[in-house]
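The next block is entry.tsv, given as TSV, C-alpha atoms and all ligand atoms.
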```tsv
chain	number	residue	atom	x	y	z
A	10	MET	CA	84.46	66.21	-178.46
A	11	THR	CA	81.81	68.37	-176.75
A	12	THR	CA	80.78	67.58	-173.17
A	13	PRO	CA	77.66	65.39	-173.17
A	14	ASP	CA	74.40	66.96	-171.99
A	15	PRO	CA	74.23	66.13	-168.25
A	16	ARG	CA	70.53	65.32	-168.66
A	17	LEU	CA	71.41	62.30	-170.78
A	18	SER	CA	71.24	58.99	-168.97
A	19	GLU	CA	74.42	57.80	-167.28
A	20	ARG	CA	74.06	54.67	-169.34
A	21	VAL	CA	74.42	56.48	-172.62
A	22	ARG	CA	77.06	58.92	-171.39
A	23	GLY	CA	79.33	55.93	-170.79
A	24	ILE	CA	79.43	55.21	-174.53
A	25	GLU	CA	81.79	56.92	-176.93
A	26	PRO	CA	80.84	57.26	-180.61
A	27	SER	CA	82.31	54.65	-182.96
A	28	GLY	CA	85.72	55.46	-184.44
A	29	ILE	CA	84.54	53.89	-187.67
A	30	ARG	CA	81.73	56.46	-187.97
A	31	ARG	CA	84.36	59.21	-187.98
A	32	ILE	CA	86.05	57.46	-190.89
A	33	PHE	CA	82.72	57.38	-192.78
A	34	GLU	CA	82.45	61.15	-192.31
A	35	LEU	CA	85.96	61.59	-193.62
A	36	ILE	CA	85.33	59.49	-196.72
A	37	ALA	CA	82.49	61.77	-197.72
A	38	THR	CA	85.00	64.63	-198.03
A	39	MET	CA	87.61	62.75	-200.15
A	40	GLN	CA	88.04	62.30	-203.90
A	41	ASP	CA	88.62	58.73	-205.10
A	42	PRO	CA	89.70	57.35	-201.70
A	43	ILE	CA	91.10	53.83	-201.35
A	44	ASN	CA	88.50	52.66	-198.93
A	45	LEU	CA	89.61	49.51	-197.13
A	46	SER	CA	87.64	50.38	-194.02
A	47	ILE	CA	84.32	48.96	-195.20
A	48	GLY	CA	82.35	46.50	-193.09
A	49	GLN	CA	80.01	45.29	-195.82
A	50	PRO	CA	80.41	43.29	-199.03
A	51	ASP	CA	81.09	45.17	-202.26
A	52	TYR	CA	78.52	43.15	-204.24
A	53	ASP	CA	74.82	43.77	-204.81
A	54	PRO	CA	72.14	41.40	-203.52
A	55	PRO	CA	71.00	38.57	-205.82
A	56	PRO	CA	68.44	40.01	-208.29
A	57	ALA	CA	66.02	37.18	-207.43
A	58	LEU	CA	65.96	38.39	-203.83
A	59	ILE	CA	65.26	41.98	-204.83
A	60	GLU	CA	62.51	40.88	-207.20
A	61	ALA	CA	60.94	38.77	-204.46
A	62	ALA	CA	61.02	41.77	-202.09
A	63	HIS	CA	59.40	43.92	-204.75
A	64	ARG	CA	56.67	41.35	-205.33
A	65	ALA	CA	56.08	41.05	-201.57
A	66	MET	CA	55.62	44.81	-201.23
A	67	LEU	CA	53.27	44.98	-204.21
A	68	ALA	CA	51.30	42.06	-202.79
A	69	GLY	CA	50.66	43.99	-199.57
A	70	LYS	CA	53.14	42.19	-197.32
A	71	ASN	CA	53.96	45.47	-195.61
A	72	ARG	CA	52.31	44.94	-192.25
A	73	TYR	CA	53.84	43.56	-189.06
A	74	THR	CA	54.63	39.88	-188.95
A	75	VAL	CA	54.33	37.91	-185.72
A	76	THR	CA	57.14	38.81	-183.28
A	77	GLN	CA	59.29	35.76	-183.99
A	78	GLY	CA	58.95	36.07	-187.77
A	79	LEU	CA	57.21	34.02	-190.45
A	80	PRO	CA	56.60	30.47	-189.18
A	81	GLU	CA	57.85	28.88	-192.44
A	82	LEU	CA	61.06	30.92	-192.22
A	83	ASN	CA	61.55	29.82	-188.61
A	84	ALA	CA	60.99	26.17	-189.47
A	85	GLY	CA	63.36	26.24	-192.47
A	86	LEU	CA	66.03	27.92	-190.36
A	87	LEU	CA	65.88	25.30	-187.60
A	88	ASP	CA	66.07	22.52	-190.21
A	89	GLU	CA	69.13	24.14	-191.76
A	90	VAL	CA	70.92	24.62	-188.42
A	91	ALA	CA	70.14	21.02	-187.43
A	92	ALA	CA	71.47	19.71	-190.75
A	93	ARG	CA	74.67	21.77	-190.52
A	94	TYR	CA	75.57	21.29	-186.86
A	95	GLY	CA	73.92	18.02	-185.84
A	96	ARG	CA	71.76	19.62	-183.15
A	97	ARG	CA	68.36	21.24	-183.49
A	98	PRO	CA	67.99	24.35	-181.33
A	99	GLU	CA	64.69	24.43	-179.42
A	100	THR	CA	63.44	27.57	-181.10
A	101	CYS	CA	64.38	30.65	-183.11
A	102	LEU	CA	63.46	34.25	-183.79
A	103	MET	CA	63.95	36.57	-186.78
A	104	THR	CA	65.74	39.72	-185.60
A	105	SER	CA	66.53	43.19	-186.91
A	106	GLY	CA	70.02	42.22	-188.01
A	107	VAL	CA	72.53	40.54	-185.75
A	108	SER	CA	72.69	43.92	-184.01
A	109	GLY	CA	69.05	43.47	-182.99
A	110	GLY	CA	69.83	39.92	-181.85
A	111	LEU	CA	72.74	41.18	-179.75
A	112	VAL	CA	70.59	43.82	-178.05
A	113	LEU	CA	67.91	41.25	-177.20
A	114	THR	CA	70.42	38.66	-175.99
A	115	PHE	CA	72.33	41.03	-173.72
A	116	MET	CA	69.14	42.63	-172.36
A	117	SER	CA	67.67	39.23	-171.63
A	118	LEU	CA	70.73	37.72	-169.94
A	119	LEU	CA	72.74	40.45	-168.23
A	120	ASP	CA	72.06	42.13	-164.90
A	121	PRO	CA	74.23	44.94	-163.51
A	122	GLY	CA	77.38	43.36	-162.05
A	123	ASP	CA	77.20	40.24	-164.25
A	124	GLU	CA	80.31	39.46	-166.23
A	125	VAL	CA	80.76	38.71	-169.88
A	126	LEU	CA	83.86	37.25	-171.52
A	127	LEU	CA	84.59	39.00	-174.82
A	128	PRO	CA	87.32	38.44	-177.40
A	129	ASP	CA	90.12	41.04	-177.65
A	130	PRO	CA	90.22	42.22	-180.39
A	131	GLY	CA	86.49	42.10	-181.08
A	132	PHE	CA	83.57	43.86	-182.72
A	133	VAL	CA	82.96	47.14	-180.85
A	134	MET	CA	79.23	46.71	-180.33
A	135	TYR	CA	79.69	43.87	-177.81
A	136	ARG	CA	81.39	45.90	-175.15
A	137	HIS	CA	79.08	48.89	-175.51
A	138	LEU	CA	75.99	46.71	-175.17
A	139	ALA	CA	77.51	45.06	-172.09
A	140	THR	CA	78.12	48.53	-170.63
A	141	LEU	CA	74.51	49.55	-171.39
A	142	CYS	CA	73.39	46.56	-169.32
A	143	GLY	CA	75.71	47.51	-166.46
A	144	ALA	CA	77.70	44.33	-166.98
A	145	LYS	CA	81.43	43.99	-166.50
A	146	VAL	CA	83.57	42.99	-169.46
A	147	ARG	CA	86.54	40.65	-169.11
A	148	TYR	CA	88.59	40.17	-172.23
A	149	TYR	CA	90.13	36.98	-173.47
A	150	ASP	CA	93.04	37.22	-175.82
A	151	LEU	CA	92.91	36.33	-179.51
A	152	TYR	CA	96.38	37.65	-180.42
A	153	PRO	CA	99.00	35.21	-181.74
A	154	ARG	CA	101.03	33.74	-178.90
A	155	GLN	CA	104.26	33.88	-180.88
A	156	ALA	CA	105.51	36.11	-183.70
A	157	GLY	CA	104.16	34.90	-187.02
A	158	GLY	CA	101.48	32.75	-185.35
A	159	ARG	CA	97.74	32.72	-186.02
A	160	PHE	CA	95.04	34.44	-184.00
A	161	GLY	CA	93.22	31.98	-181.75
A	162	VAL	CA	92.22	31.14	-178.19
A	163	ASP	CA	93.96	29.71	-175.15
A	164	VAL	CA	91.16	27.75	-173.52
A	165	ALA	CA	92.94	27.33	-170.15
A	166	ALA	CA	93.56	31.09	-169.95
A	167	ILE	CA	89.86	31.73	-170.63
A	168	GLU	CA	88.78	29.37	-167.87
A	169	LYS	CA	90.88	31.40	-165.41
A	170	LEU	CA	88.74	34.47	-166.20
A	171	VAL	CA	85.51	32.78	-165.10
A	172	THR	CA	84.06	34.02	-161.78
A	173	LYS	CA	80.78	33.42	-159.94
A	174	ARG	CA	79.31	36.39	-161.83
A	175	THR	CA	80.27	35.22	-165.34
A	176	LYS	CA	77.19	34.63	-167.47
A	177	ILE	CA	78.27	34.79	-171.11
A	178	LEU	CA	81.24	33.40	-172.97
A	179	PHE	CA	81.08	35.24	-176.27
A	180	VAL	CA	82.40	33.72	-179.49
A	181	ASN	CA	82.77	35.36	-182.90
A	182	SER	CA	84.11	33.05	-185.59
A	183	PRO	CA	84.89	33.98	-188.36
A	184	SER	CA	86.05	37.04	-186.48
A	185	ASN	CA	85.79	40.74	-187.06
A	186	PRO	CA	88.48	42.17	-187.05
A	187	THR	CA	91.09	39.37	-187.07
A	188	GLY	CA	89.71	37.07	-189.81
A	189	CYS	CA	90.37	34.14	-187.48
A	190	VAL	CA	88.20	31.01	-187.74
A	191	LEU	CA	88.39	29.04	-184.50
A	192	THR	CA	89.29	25.38	-185.02
A	193	ARG	CA	86.90	22.64	-184.01
A	194	ALA	CA	89.19	21.85	-181.05
A	195	GLU	CA	89.10	25.50	-179.94
A	196	ILE	CA	85.30	25.66	-180.22
A	197	GLN	CA	84.95	22.37	-178.35
A	198	GLY	CA	87.36	23.56	-175.65
A	199	LEU	CA	85.49	26.85	-175.19
A	200	CYS	CA	82.17	25.04	-174.97
A	201	GLU	CA	83.54	22.62	-172.37
A	202	VAL	CA	84.58	25.59	-170.21
A	203	ALA	CA	81.10	27.10	-170.62
A	204	ASN	CA	79.39	23.78	-169.85
A	205	ARG	CA	81.52	23.17	-166.74
A	206	HIS	CA	80.59	26.58	-165.33
A	207	GLY	CA	77.00	26.79	-166.55
A	208	LEU	CA	77.70	29.74	-168.89
A	209	PHE	CA	75.79	30.76	-171.97
A	210	VAL	CA	77.82	30.65	-175.13
A	211	VAL	CA	76.66	33.51	-177.36
A	212	SER	CA	77.94	32.87	-180.88
A	213	ASP	CA	77.98	35.63	-183.51
A	214	GLU	CA	78.18	33.77	-186.82
A	215	ILE	CA	77.45	36.63	-189.18
A	216	TYR	CA	80.51	35.83	-191.35
A	217	ASP	CA	79.87	32.08	-191.65
A	218	LEU	CA	79.62	32.27	-195.46
A	219	PHE	CA	83.10	33.78	-195.62
A	220	CYS	CA	85.02	30.79	-194.33
A	221	TYR	CA	88.14	29.76	-196.26
A	222	VAL	CA	89.18	26.74	-194.20
A	223	ASP	CA	87.64	23.32	-194.78
A	224	ASP	CA	86.13	22.78	-191.36
A	225	TYR	CA	83.77	25.31	-189.79
A	226	ALA	CA	82.64	24.46	-186.26
A	227	SER	CA	79.83	26.20	-184.40
A	228	PRO	CA	79.21	26.17	-180.63
A	229	VAL	CA	75.68	25.03	-181.55
A	230	SER	CA	77.18	21.52	-181.80
A	231	TYR	CA	78.84	21.53	-178.36
A	232	ALA	CA	77.42	24.11	-175.92
A	233	GLU	CA	74.64	23.08	-173.53
A	234	HIS	CA	73.30	26.65	-173.50
A	235	CYS	CA	73.98	28.32	-176.83
A	236	ILE	CA	72.47	31.46	-178.29
A	237	GLN	CA	73.42	31.49	-181.96
A	238	LEU	CA	73.17	34.80	-183.83
A	239	GLY	CA	73.22	34.73	-187.60
A	240	GLY	CA	72.63	37.25	-190.31
A	241	TYR	CA	71.94	38.05	-193.93
A	242	SER	CA	73.56	41.52	-194.10
A	243	LYS	CA	76.95	40.29	-195.25
A	244	SER	CA	76.18	37.03	-197.06
A	245	TYR	CA	73.27	38.32	-199.18
A	246	GLY	CA	74.70	41.84	-199.52
A	247	VAL	CA	71.71	43.43	-197.75
A	248	PRO	CA	73.07	45.25	-194.65
A	249	GLY	CA	70.38	47.90	-195.08
A	250	TRP	CA	67.56	45.38	-194.88
A	251	ARG	CA	68.20	44.71	-191.18
A	252	LEU	CA	67.63	40.98	-191.12
A	253	GLY	CA	69.10	38.38	-188.81
A	254	PHE	CA	68.12	35.47	-186.62
A	255	ALA	CA	68.70	33.98	-183.19
A	256	THR	CA	68.41	30.32	-182.20
A	257	GLY	CA	68.63	28.72	-178.77
A	258	PRO	CA	66.82	27.37	-175.73
A	259	ALA	CA	63.18	28.40	-175.39
A	260	SER	CA	63.76	29.69	-171.84
A	261	VAL	CA	65.98	32.48	-173.21
A	262	LEU	CA	64.49	32.90	-176.68
A	263	ASP	CA	61.01	33.39	-175.21
A	264	ALA	CA	62.37	36.28	-173.13
A	265	MET	CA	64.02	37.68	-176.25
A	266	LYS	CA	60.71	37.43	-178.13
A	267	THR	CA	59.00	39.38	-175.36
A	268	MET	CA	61.77	41.98	-175.48
A	269	GLN	CA	61.41	42.18	-179.26
A	270	GLN	CA	57.67	42.76	-178.87
A	271	PHE	CA	58.43	45.92	-176.88
A	272	THR	CA	61.41	47.16	-178.89
A	273	PHE	CA	61.88	46.20	-182.56
A	274	VAL	CA	58.42	44.56	-182.88
A	275	CYS	CA	59.50	42.32	-185.78
A	276	ALA	CA	62.14	41.98	-188.48
A	277	PRO	CA	61.20	43.90	-191.68
A	278	ALA	CA	58.19	42.07	-193.12
A	279	PRO	CA	58.63	42.31	-196.92
A	280	PHE	CA	62.22	41.19	-196.63
A	281	GLN	CA	61.22	38.17	-194.58
A	282	TYR	CA	58.81	37.20	-197.38
A	283	ALA	CA	61.58	37.79	-199.92
A	284	LEU	CA	63.95	35.46	-198.07
A	285	LEU	CA	61.30	32.80	-197.75
A	286	GLU	CA	60.56	32.85	-201.46
A	287	ALA	CA	64.00	33.39	-202.98
A	288	MET	CA	66.53	31.82	-200.63
A	289	PRO	CA	66.16	28.18	-201.70
A	290	ALA	CA	67.25	28.95	-205.28
A	291	ILE	CA	70.13	31.32	-204.43
A	292	ASP	CA	73.69	30.00	-204.51
A	293	LEU	CA	76.06	32.19	-202.49
A	294	MET	CA	79.12	30.00	-203.04
A	295	PRO	CA	80.48	32.11	-205.94
A	296	HIS	CA	80.82	34.97	-203.42
A	297	ARG	CA	82.85	32.78	-201.09
A	298	VAL	CA	85.13	31.81	-204.01
A	299	GLN	CA	85.51	35.43	-205.09
A	300	TYR	CA	86.29	36.63	-201.56
A	301	ARG	CA	88.79	33.83	-201.07
A	302	GLN	CA	90.61	35.17	-204.14
A	303	LYS	CA	90.63	38.67	-202.65
A	304	ARG	CA	91.95	37.17	-199.41
A	305	ASP	CA	94.71	35.36	-201.32
A	306	PHE	CA	95.70	38.55	-203.11
A	307	ILE	CA	95.94	40.54	-199.86
A	308	ALA	CA	97.88	37.82	-198.05
A	309	ALA	CA	100.30	37.23	-200.94
A	310	ASN	CA	101.05	40.93	-201.21
A	311	LEU	CA	101.23	41.80	-197.52
A	312	HIS	CA	102.93	38.68	-196.20
A	313	PRO	CA	106.44	39.58	-197.32
A	314	VAL	CA	106.51	42.88	-195.46
A	315	TYR	CA	103.84	42.54	-192.76
A	316	GLY	CA	104.18	38.80	-192.10
A	317	LEU	CA	100.41	38.59	-192.63
A	318	LEU	CA	99.02	35.05	-192.60
A	319	PRO	CA	96.00	34.46	-194.85
A	320	PRO	CA	92.88	35.32	-192.81
A	321	GLU	CA	90.87	32.10	-192.37
A	322	GLY	CA	87.51	33.82	-192.73
A	323	SER	CA	85.45	37.05	-192.86
A	324	PHE	CA	86.67	39.84	-195.17
A	325	TYR	CA	89.13	41.43	-192.83
A	326	ALA	CA	92.85	41.21	-192.22
A	327	PHE	CA	94.46	42.47	-189.04
A	328	PRO	CA	98.15	43.08	-189.75
A	329	ARG	CA	100.66	44.25	-187.18
A	330	LEU	CA	101.76	47.89	-187.46
A	331	PRO	CA	105.22	48.12	-188.97
A	332	GLY	CA	108.20	49.12	-186.78
A	333	ALA	CA	107.29	50.98	-183.61
A	334	VAL	CA	104.74	53.36	-185.14
A	335	ASP	CA	101.48	54.02	-183.25
A	336	SER	CA	98.19	53.65	-185.07
A	337	ALA	CA	97.33	57.38	-185.08
A	338	THR	CA	100.57	58.25	-186.91
A	339	PHE	CA	100.20	55.30	-189.27
A	340	LEU	CA	96.59	56.17	-190.08
A	341	GLN	CA	97.48	59.78	-190.74
A	342	ALA	CA	100.23	58.72	-193.13
A	343	ALA	CA	97.82	56.31	-194.86
A	344	LEU	CA	95.24	59.09	-195.20
A	345	GLN	CA	97.77	61.33	-196.90
A	346	GLN	CA	97.89	58.67	-199.62
A	347	LYS	CA	94.05	58.45	-199.62
A	348	LEU	CA	94.00	55.07	-197.90
A	349	LEU	CA	91.34	54.46	-195.27
A	350	ILE	CA	91.87	51.70	-192.72
A	351	VAL	CA	90.71	51.27	-189.11
A	352	PRO	CA	93.04	51.49	-186.12
A	353	GLY	CA	93.36	48.29	-184.10
A	354	ASN	CA	92.61	50.11	-180.87
A	355	SER	CA	89.02	50.64	-182.08
A	356	PHE	CA	88.61	46.90	-181.45
A	357	SER	CA	91.15	46.25	-178.77
A	358	GLN	CA	92.80	47.25	-175.53
A	359	ARG	CA	96.06	47.22	-177.50
A	360	ASP	CA	97.33	49.58	-180.20
A	361	THR	CA	99.57	47.26	-182.19
A	362	HIS	CA	97.55	46.35	-185.30
A	363	PHE	CA	95.17	47.81	-187.91
A	364	ARG	CA	92.15	46.40	-189.71
A	365	LEU	CA	91.74	46.39	-193.43
A	366	SER	CA	88.69	45.14	-195.26
A	367	PHE	CA	89.15	43.32	-198.54
A	368	ALA	CA	85.49	43.75	-199.45
A	369	ALA	CA	86.64	46.10	-202.21
A	370	ASP	CA	87.24	45.95	-205.95
A	371	GLU	CA	90.49	44.80	-207.51
A	372	ARG	CA	91.68	48.30	-208.33
A	373	ASP	CA	91.33	49.49	-204.74
A	374	LEU	CA	92.94	46.33	-203.37
A	375	ARG	CA	95.93	46.89	-205.67
A	376	ARG	CA	96.23	50.57	-204.76
A	377	GLY	CA	95.80	49.67	-201.08
A	378	VAL	CA	98.60	47.10	-200.92
A	379	ASP	CA	100.92	49.48	-202.78
A	380	VAL	CA	100.32	52.21	-200.20
A	381	LEU	CA	100.66	49.77	-197.29
A	382	ASN	CA	103.95	48.38	-198.58
A	383	ASP	CA	105.20	51.91	-199.10
A	384	LEU	CA	104.21	52.83	-195.52
A	385	ALA	CA	105.94	49.73	-194.17
A	386	ARG	CA	109.18	50.88	-195.77
A	387	GLN	CA	108.66	54.36	-194.37
A	388	PHE	CA	108.11	53.17	-190.78
A	389	ALA	CA	110.35	50.08	-190.67
B	401	LIG	N1	78.57	41.15	-185.75
B	401	LIG	C1	79.70	41.45	-186.38
B	401	LIG	C2	80.95	40.71	-186.02
B	401	LIG	C3	79.73	42.46	-187.35
B	401	LIG	O1	80.88	42.76	-187.97
B	401	LIG	C4	78.52	43.14	-187.66
B	401	LIG	C5	78.45	44.24	-188.69
B	401	LIG	N2	79.58	44.94	-188.94
B	401	LIG	C6	77.36	42.79	-186.96
B	401	LIG	C7	77.43	41.79	-186.02
B	401	LIG	C8	76.05	43.48	-187.20
B	401	LIG	O2	75.48	43.12	-188.37
B	401	LIG	P1	73.95	43.34	-188.75
B	401	LIG	O3	73.30	44.04	-187.63
B	401	LIG	O4	73.94	44.12	-190.01
B	401	LIG	O5	73.38	41.97	-188.96
```
Any chance you could put this one into C-alpha cells?
Amino acid sequence: MTTPDPRLSERVRGIEPSGIRRIFELIATMQDPINLSIGQPDYDPPPALIEAAHRAMLAGKNRYTVTQGLPELNAGLLDEVAARYGRRPETCLMTSGVSGGLVLTFMSLLDPGDEVLLPDPGFVMYRHLATLCGAKVRYYDLYPRQAGGRFGVDVAAIEKLVTKRTKILFVNSPSNPTGCVLTRAEIQGLCEVANRHGLFVVSDEIYDLFCYVDDYASPVSYAEHCIQLGGYSKSYGVPGWRLGFATGPASVLDAMKTMQQFTFVCAPAPFQYALLEAMPAIDLMPHRVQYRQKRDFIAANLHPVYGLLPPEGSFYAFPRLPGAVDSATFLQAALQQKLLIVPGNSFSQRDTHFRLSFAADERDLRRGVDVLNDLARQFA
C-alpha cells in the first residue's frame, strides 16, 4: 500500500480500505470464478417495484423529498414495526441505505472518547465509523463458547465491558458474518444491560427477512432507548437503490434528521415512491424459502468436514478454518481453484474462520462446497 497523503485528515488516515473491495478487484480479472464472497442477494428486484420506480420517474417524482422521507412511507413503517414488535417507536426517517443510517446514528451519538460495544466478528463498517467519530471500540464476543457450539452472546461478559463512557451497545441479528440470530432471551438480556446502564441499543436489522428460526426478536421490543436500522438492499434485491430506514426516540431521530439535511439530504426520491406504491402487494417470503434451501445445502455439505452448524439467518456461513492453516494461506489455495471467500480477520480480531456467502446460484454453491471439502482434506 502507498503511504497516505499527509494532507489528508487524521480521521481518514486511520481507516484502511476494505479487504472485500480487493476481492471485488480480483474477481474482475478472473474467468468463471466461484464467487462466494458476495454481500448481496443473487435475485433481481420484484418487477412490480421496478415498474413503480419507472412510473415515478416518468411522473416527475425526481425532486428532493422532505428530509425524513415521504410521510405515508413513514407512517406505514411505524405501523409495521409496532405490529411486529409490540412497541411503536416515536418517529422514523428514510435513510440512504442502512449505511446512511449508521453514519447518522454514530455522528449523532458519539463524541471523541465515548465507547461503543461492537460484536466480534462484525460488519466492518461499524468500527470504521466509530473511529471516524473518535470513539473507542470495545468488542464483545460472538464466537461459540465450546467446540461445535453456536455463535451467540454472553450477557454477563458484555456487562463487564460497560464503563462510564459507554454509549452504544450495538446489535446485529441476523448477523453478518456469522449467520447467528440472537435468541429472544439473548436480546432481552442485552437490552436489560443497556437499560440498567442507560445505553442506546443500536440494532442493525438489515437481514431480518433472512431468518430461518421460528422466533425473531428485536431490541425494539425491550430496549428503553433503541435506534433500529432497517433496509431494503438485501430483502428487495436493490442494494444500488440506497434505501433504508431508522426508527427511535424523537430526541435522537430529530438530530439524525438535521444531520441528514446537511449530508445525504434525503433518500432517493423515485425509489421512495416506488416502495410506497408497490410494497403492499409484494410477497418476499419465497426468497426466504429459497435462501433457507441454499442454507440447508451448505450446512449439509460442510457439516461433516467443517462441523458447520446451519446458520440461523442472513446469507452467510462462518466456518472454522481447517487444521492449523491461517486465512491468507487458505484463501490463496481457494483462489487457485477459482473460489472467492472472505477471510475471517476482515471482520474480527481473530484469524480462525472464513466467511462464505450462499447468495449464489446452485452451480456455484456445488462447485464451492467441492473446493472447500477438497481444501479441508489438504489442510487437515
Ligand atoms: N449492515 C450490514 C450487516 C450489512 O451487511 C450491510 C451491507 N453489506 C449494511 C449494513 C449496509 O447495507 P445498505 O447500506 O446497502 O443498506
Practice prompt. Set the cut-off to 9 Å, count only C-alpha atoms and all ligand atoms, and list whatever residues fall near ligand LIG 401 (chain B) as a PyMOL selection string.
Written response: chain A and resi 47-49+104-111+131-135+181-186+213-216+238-243+247-254+323
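Proximity ranking of A:Pro328, A:Gly188, A:Pro42, A:Pro289 relative to Arg301 in chain A places A:Gly188 first, based on all atoms listed in the file.
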Discussion item. Report as a ChimeraX atom specification all protein, DNA and RNA residues lying within 10 Å of Ile36 in chain A, evaluated on all atoms listed in the file, omitting residues in the same chain fewer than 5 positions from it.
Written reply: /A:30-31,41-44,46,347-349
Item to complete: Could you give me, as a PyMOL selection string, the residues within 7 Å of range 60-66 of chain A, counting only C-alpha atoms and dropping anything in the same chain fewer than 5 positions from it?
Response: chain A and resi 71+279-280+282-283+286-287
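Take the candidates A:Gln346, A:Gln341, A:Thr140, A:Ser366 and check each one against Tyr300 in chain A using all atoms listed in the file; the shortest distance goes to A:Ser366.
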Extract, using all atoms listed in the file, all DNA, RNA and protein residues at most 8 Å from Leu87 in chain A, discarding same-chain residues fewer than 2 positions from it, and format them as a tab-separated table (two decimals) with C-alpha atoms, in the coordinates of the input.
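Writing the result to out-v5.tsv gives the following:
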```tsv
chain	number	residue	atom	x	y	z
A	83	ASN	CA	61.55	29.82	-188.61
A	84	ALA	CA	60.99	26.17	-189.47
A	85	GLY	CA	63.36	26.24	-192.47
A	89	GLU	CA	69.13	24.14	-191.76
A	90	VAL	CA	70.92	24.62	-188.42
A	91	ALA	CA	70.14	21.02	-187.43
A	97	ARG	CA	68.36	21.24	-183.49
A	98	PRO	CA	67.99	24.35	-181.33
A	100	THR	CA	63.44	27.57	-181.10
A	101	CYS	CA	64.38	30.65	-183.11
A	256	THR	CA	68.41	30.32	-182.20
```
Item to complete: Could you give me, as a ChimeraX atom specification, the residues within 8 Å of Leu119 in chain A, counting only C-alpha atoms and dropping anything in the same chain fewer than 5 positions from it?
Response: /A:124,139,142-144,176
Item to complete: Provide the CA of Gly353 in chain A to CA of Pro130 in chain A distance in Å, to one decimal place.
Response: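 Going from CA of Gly353 in chain A over to CA of Pro130 in chain A covers 7.8 Å.
Distance annotation: of A:Ala68, A:Leu86, A:Leu138, A:Leu191, the residue with the minimal separation from Ile24 in chain A is A:Leu138; atom set is all atoms listed in the file.
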Worksheet item: Pick the closest to Arg147 in chain A from A:Ala165, A:Thr272, A:Ala326, A:Leu170: which is it, counting all atoms listed in the file?
Response: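 Between A:Ala165, A:Thr272, A:Ala326, A:Leu170, the residue approaching Arg147 in chain A most closely is A:Leu170.
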Item to complete: Give me, please, the distance in Å between CA of Phe115 in chain A and CA of Ile177 in chain A, quoted to one decimal.
Response: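 Those two atoms sit 9.0 Å apart.
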Per residue of range 319-364 of chain A within 12 Å of range 303-308 of chain A, what are the shortest atom pair and its distance in Å to one decimal, counting all atoms listed in the file, with rows by chain and residue number, as a tab-separated table?
```
residue	atom	partner	partner_atom	distance
A:Pro319	CA	A:Ala308	CA	5.0
A:Pro320	CA	A:Arg304	CA	6.9
A:Glu321	CA	A:Arg304	CA	8.7
A:Gly322	CA	A:Arg304	CA	8.7
A:Ser323	CA	A:Arg304	CA	9.2
A:Phe324	CA	A:Arg304	CA	7.3
A:Tyr325	CA	A:Arg304	CA	8.3
A:Ala326	CA	A:Ile307	CA	8.3
A:Phe327	CA	A:Ala308	CA	10.7
A:Pro328	CA	A:Ala308	CA	9.8
```
Fill in: Residue neighbourhood Ala389 in chain A, 6 Å, all atoms listed in the file, exclusion window fewer than 2 positions, as a PyMOL selection string
chain A and resi 331-332+385-387
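Across the model, the gap from CA of Thr172 in chain A to CA of Lys145 in chain A is 11.3 Å.
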Worksheet item: Counting all atoms listed in the file, which of A:Tyr225, A:Tyr94, A:Phe363, A:Phe219 gets nearest to Ile350 in chain A?
Response: A:Phe363
Give, as JSON, the centre coordinates and the x, y and z edge lengths in Å to one decimal for an axis-aligned box around all listed atoms of range 54-68 of chain A, padded by 3 Å on each side.
```
{"center_x": 61.7, "center_y": 41.1, "center_z": -204.8, "size_x": 26.8, "size_y": 13.8, "size_z": 13.1}
```
Item to complete: Considering only C-alpha atoms, state which residue in the set A:Cys200, A:Val210, A:Leu284, A:Val75 is at the smallest distance from Leu127 in chain A.
Response: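 Looking at the shortest contact to Leu127 in chain A, the residue is A:Val210.
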Give me range 101-108 of chain A with N, CA, C and O atoms filled in, as a compact mmCIF listing (two decimals), in the coordinates of the input.
```txt
# COMPACT_ATOMS: atom_id res chain seq x y z
N CYS A 101 63.64 29.55 -182.48
CA CYS A 101 64.38 30.65 -183.11
C CYS A 101 63.49 31.88 -183.27
O CYS A 101 62.28 31.84 -183.00
N LEU A 102 64.12 32.93 -183.72
CA LEU A 102 63.46 34.25 -183.79
C LEU A 102 64.13 35.03 -184.91
O LEU A 102 65.35 35.04 -185.01
N MET A 103 63.36 35.66 -185.78
CA MET A 103 63.95 36.57 -186.78
C MET A 103 64.19 37.91 -186.09
O MET A 103 63.32 38.41 -185.37
N THR A 104 65.38 38.48 -186.30
CA THR A 104 65.74 39.72 -185.60
C THR A 104 66.03 40.84 -186.60
O THR A 104 66.17 40.60 -187.79
N SER A 105 66.15 42.06 -186.07
CA SER A 105 66.53 43.19 -186.91
C SER A 105 68.05 43.21 -187.03
O SER A 105 68.74 43.98 -186.34
N GLY A 106 68.58 42.37 -187.87
CA GLY A 106 70.02 42.22 -188.01
C GLY A 106 70.59 41.48 -186.80
O GLY A 106 69.88 41.22 -185.82
N VAL A 107 71.86 41.13 -186.90
CA VAL A 107 72.53 40.54 -185.75
C VAL A 107 72.60 41.58 -184.63
O VAL A 107 72.50 41.26 -183.45
N SER A 108 72.69 42.85 -185.02
CA SER A 108 72.69 43.92 -184.01
C SER A 108 71.45 43.82 -183.13
O SER A 108 71.54 43.90 -181.90
```
